[in-house]
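Next comes target06.cif, a file with mmCIF, C-alpha atoms.
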data_final
loop_
_atom_site.label_atom_id
_atom_site.label_comp_id
_atom_site.auth_asym_id
_atom_site.auth_seq_id
_atom_site.Cartn_x
_atom_site.Cartn_y
_atom_site.Cartn_z
CA MET A 10 145.77 102.27 55.79
CA ALA A 11 143.85 105.36 54.71
CA THR A 12 142.10 103.32 51.99
CA LYS A 13 140.89 100.75 54.54
CA ASN A 14 139.32 103.53 56.59
CA LEU A 15 137.75 105.01 53.46
CA LEU A 16 136.24 101.63 52.54
CA LYS A 17 134.81 101.26 56.04
CA ARG A 18 133.18 104.70 55.77
CA ILE A 19 131.75 103.84 52.35
CA VAL A 20 130.27 100.60 53.70
CA ASN A 21 128.60 102.48 56.56
CA PHE A 22 126.85 104.87 54.15
CA MET A 23 126.23 102.61 51.18
CA LYS A 24 123.09 100.56 51.68
CA TYR A 25 122.38 99.82 48.02
CA LEU A 26 124.03 99.11 44.69
CA VAL A 27 122.89 100.92 41.54
CA CYS A 28 122.67 99.21 38.18
CA LYS A 29 122.50 101.98 35.55
CA SER A 30 122.08 101.52 31.80
CA VAL A 31 122.10 97.73 32.02
CA LYS A 32 123.00 96.02 28.75
CA PHE A 33 120.19 93.55 28.06
CA ARG A 34 120.93 91.20 25.19
CA SER A 35 117.48 89.67 24.68
CA ILE A 36 113.83 90.23 25.51
CA TYR A 37 113.97 88.03 28.61
CA ASP A 38 117.33 89.26 29.89
CA ARG A 39 115.78 91.79 32.27
CA GLN A 40 113.55 89.16 33.85
CA VAL A 41 116.46 86.72 34.18
CA LEU A 42 118.68 89.36 35.78
CA LEU A 43 116.01 90.30 38.32
CA GLU A 44 115.45 86.63 39.15
CA GLN A 45 119.20 86.13 39.65
CA PHE A 46 119.40 89.17 41.93
CA ALA A 47 116.42 87.83 43.92
CA ARG A 48 118.38 84.61 44.59
CA VAL A 49 121.20 86.51 46.32
CA SER A 50 120.18 86.56 49.99
CA LEU A 51 122.41 89.57 50.60
CA ILE A 52 119.93 91.66 48.58
CA SER A 53 116.97 92.55 50.77
CA LYS A 54 114.96 94.57 48.22
CA ILE A 55 115.02 95.37 44.52
CA THR A 56 113.46 98.49 43.05
CA ILE A 57 113.43 99.91 39.54
CA LYS A 58 113.42 103.65 38.92
CA GLY A 59 113.64 104.73 35.31
CA ASN A 60 116.58 102.95 33.68
CA SER A 61 118.18 102.04 37.01
CA ILE A 62 117.84 99.00 39.24
CA PHE A 63 118.52 99.56 42.95
CA LEU A 64 119.70 96.60 45.00
CA TYR A 65 119.19 97.28 48.70
CA LEU A 66 121.61 95.34 50.84
CA GLY A 67 121.19 93.53 54.10
CA GLU A 68 124.14 93.06 56.42
CA ILE A 69 127.25 93.41 54.28
CA ALA A 70 129.42 91.75 56.91
CA SER A 71 127.37 88.56 56.48
CA ALA A 72 128.10 88.30 52.75
CA ASP A 73 129.63 84.96 51.89
CA ASP A 74 132.06 84.41 49.04
CA GLY A 75 129.42 82.73 46.87
CA GLU A 76 127.08 85.70 47.03
CA VAL A 77 129.84 88.17 46.24
CA ARG A 78 131.02 85.99 43.33
CA ALA A 79 127.43 85.84 42.02
CA LEU A 80 127.23 89.65 42.06
CA ILE A 81 130.61 89.93 40.32
CA CYS A 82 129.41 87.56 37.60
CA LEU A 83 126.10 89.36 37.07
CA PHE A 84 127.65 92.82 37.11
CA TRP A 85 130.30 91.74 34.60
CA ARG A 86 127.83 90.01 32.26
CA TYR A 87 125.42 92.94 32.19
CA GLY A 88 128.02 95.73 32.03
CA ILE A 89 127.17 97.21 35.44
CA ASN A 90 129.73 99.44 37.16
CA MET A 91 131.75 97.01 39.24
CA GLN A 92 133.65 99.56 41.36
CA GLN A 93 130.77 99.61 43.83
CA LEU A 94 131.50 95.94 44.63
CA ALA A 95 134.65 97.06 46.44
CA ILE A 96 132.49 97.37 49.56
CA PHE A 97 132.65 93.59 49.90
CA TRP A 98 136.45 93.53 50.22
CA THR A 99 137.73 92.18 53.53
CA PRO A 100 141.16 91.04 54.68
CA GLU A 101 139.76 87.49 54.63
CA ASN A 102 138.77 87.55 50.95
CA GLN A 103 141.61 89.71 49.60
CA VAL A 104 143.30 86.65 48.06
CA TRP A 105 140.52 86.20 45.50
CA LEU A 106 138.71 89.59 45.56
CA GLY A 107 141.49 92.09 46.20
CA PRO A 108 143.19 94.31 43.64
CA ARG A 109 146.20 92.00 43.42
CA SER A 110 144.21 88.78 42.98
CA GLY A 111 144.91 88.63 39.23
CA ALA A 112 141.26 87.81 38.51
CA TYR A 113 139.57 89.27 35.44
CA TRP A 114 137.48 91.52 37.68
CA SER A 115 140.35 92.99 39.73
CA ASN A 116 140.90 96.11 37.63
CA LEU A 117 137.16 96.60 37.17
CA ILE A 118 136.47 96.66 40.91
CA PHE A 119 139.75 98.26 41.99
CA PRO A 120 140.99 100.65 39.26
CA ARG A 121 144.70 101.26 39.07
CA GLY A 122 145.95 103.55 41.76
CA ILE A 123 143.73 102.21 44.51
CA ARG A 124 145.74 100.47 47.17
CA ILE A 125 144.36 98.36 49.97
#
Whole structure given in structure tokens:
Amino acid sequence: MATKNLLKRIVNFMKYLVCKSVKFRSIYDRQVLLEQFARVSLISKITIKGNSIFLYLGEIASADDGEVRALICLFWRYGINMQQLAIFWTPENQVWLGPRSGAYWSNLIFPRGIRI
């Protein structure tokens, strides 16, 4: 129960995701990544500061499963810290997103020891 309250507090304060030290594998990878982020309607603005990409979020509550899955895929492919994606967890999507889902991303988003 305490973890649910913590997640709610994080969501209230967290208005952006940070992509630090992104692992680009080719010359055009950066452009492709930015184009993919731009297609996610949940992202309202993208800025680049130094080696970091900031993804400003719209209404998190309106995130649909497809948008969250797209972010999971992009974060995994480019080696971006996936723990910040825990803000998208809800009781409705816990079957596929939650720490006990068994998906390849489960332990990357919800490290061992975190209980929801």
**OP:** Kindly indicate which residue among A:Leu66, A:Val41, A:Leu51, A:Leu106 lies nearest to A:Ile81, using all atoms listed in the file for the distances.
**Re:**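 The shortest atom-to-atom distance to A:Ile81 comes from A:Leu106.
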**OP:** Might you pull out every residue within 10 Å of A:Ile55, with only C-alpha atoms counted and same-chain residues fewer than 5 positions away left off, and present them as a PyMOL selection string?
**Re:** chain A and resi 25-26+43+46-47+62-66
Original post:
How would you write, as a PyMOL selection string, the residues chosen by the PyMOL selection byres ((chain A and resi 117) around 12) on this structure?
Top reply: chain A and resi 81-82+84-85+88-95+106-109+111-116+118-121+123
Emit as AutoDock Vina command-line options the padded axis-aligned box for all listed atoms of stretch 108-122 of chain A, 4 Å per side, with centre and edge lengths in Å to one decimal.
--center_x 141.3 --center_y 95.7 --center_z 39.5 --size_x 17.7 --size_y 23.7 --size_z 16.2
**OP:** Go through A:Ile69, A:Ile36, A:Ile52, A:Leu42 one by one, measure the shortest atom-to-atom distance of each to A:Phe97 using only C-alpha atoms, and give the residue with the smallest value.
**Re:**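 Answer, going by the shortest atom-to-atom distance: A:Ile69.
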**OP:** Would you mind telling me which residue in A:Leu80, A:Ala70, A:Ser110, A:Ser30 lies nearest to A:Ile57 when using all atoms listed in the file?
**Re:**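 Checking each candidate against A:Ile57, we get A:Ser30 as the closest.
Distance check against A:Cys28 using all atoms listed in the file: of A:Asn102, A:Ala72, A:Gly59, A:Gly67, the minimum falls on A:Gly59.
Using only C-alpha atoms, the smallest distance between any of A:Ala79, A:Asn60, A:Glu101, A:Asp73 and A:Phe33 comes from A:Asn60.
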Subject >> A:Lys54, A:Val77, A:Tyr87, A:Glu68 ranked by distance to A:Lys29, top pick (using all atoms listed in the file) >> reply: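 For A:Lys29, the nearest of the candidates is A:Tyr87.
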Subject >> Atom pair atom CA of A:Gly75 / atom CA of A:Lys58: separation (Å) >> reply: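 Interatomic distance, atom CA of A:Gly75 to atom CA of A:Lys58: 27.5 Å.
In this model, the gap between atom CA of A:Trp105 and atom CA of A:Lys24 comes to 23.4 Å.
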Original post:
By how many Å are atom CA of A:Leu83 and atom CA of A:Gln45 apart?
Top reply: 8.0 Å
Original post:
Hey, what's within 10 Å of A:Arg34 if we count all atoms listed in the file and toss same-chain stuff fewer than 4 positions away? As a PyMOL selection string, please?
Top reply: chain A and resi 38-39+86-87
Quick one: write out the picked residues with C-alpha atoms as a PDB file, in the coordinates of the input?
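Final file, result09.pdb:
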ATOM      1  CA  ASP A  38     117.330  89.260  29.890  1.00  0.00           C
ATOM      2  CA  ARG A  39     115.780  91.790  32.270  1.00  0.00           C
ATOM      3  CA  ARG A  86     127.830  90.010  32.260  1.00  0.00           C
ATOM      4  CA  TYR A  87     125.420  92.940  32.190  1.00  0.00           C
TER       5      TYR A  87
END
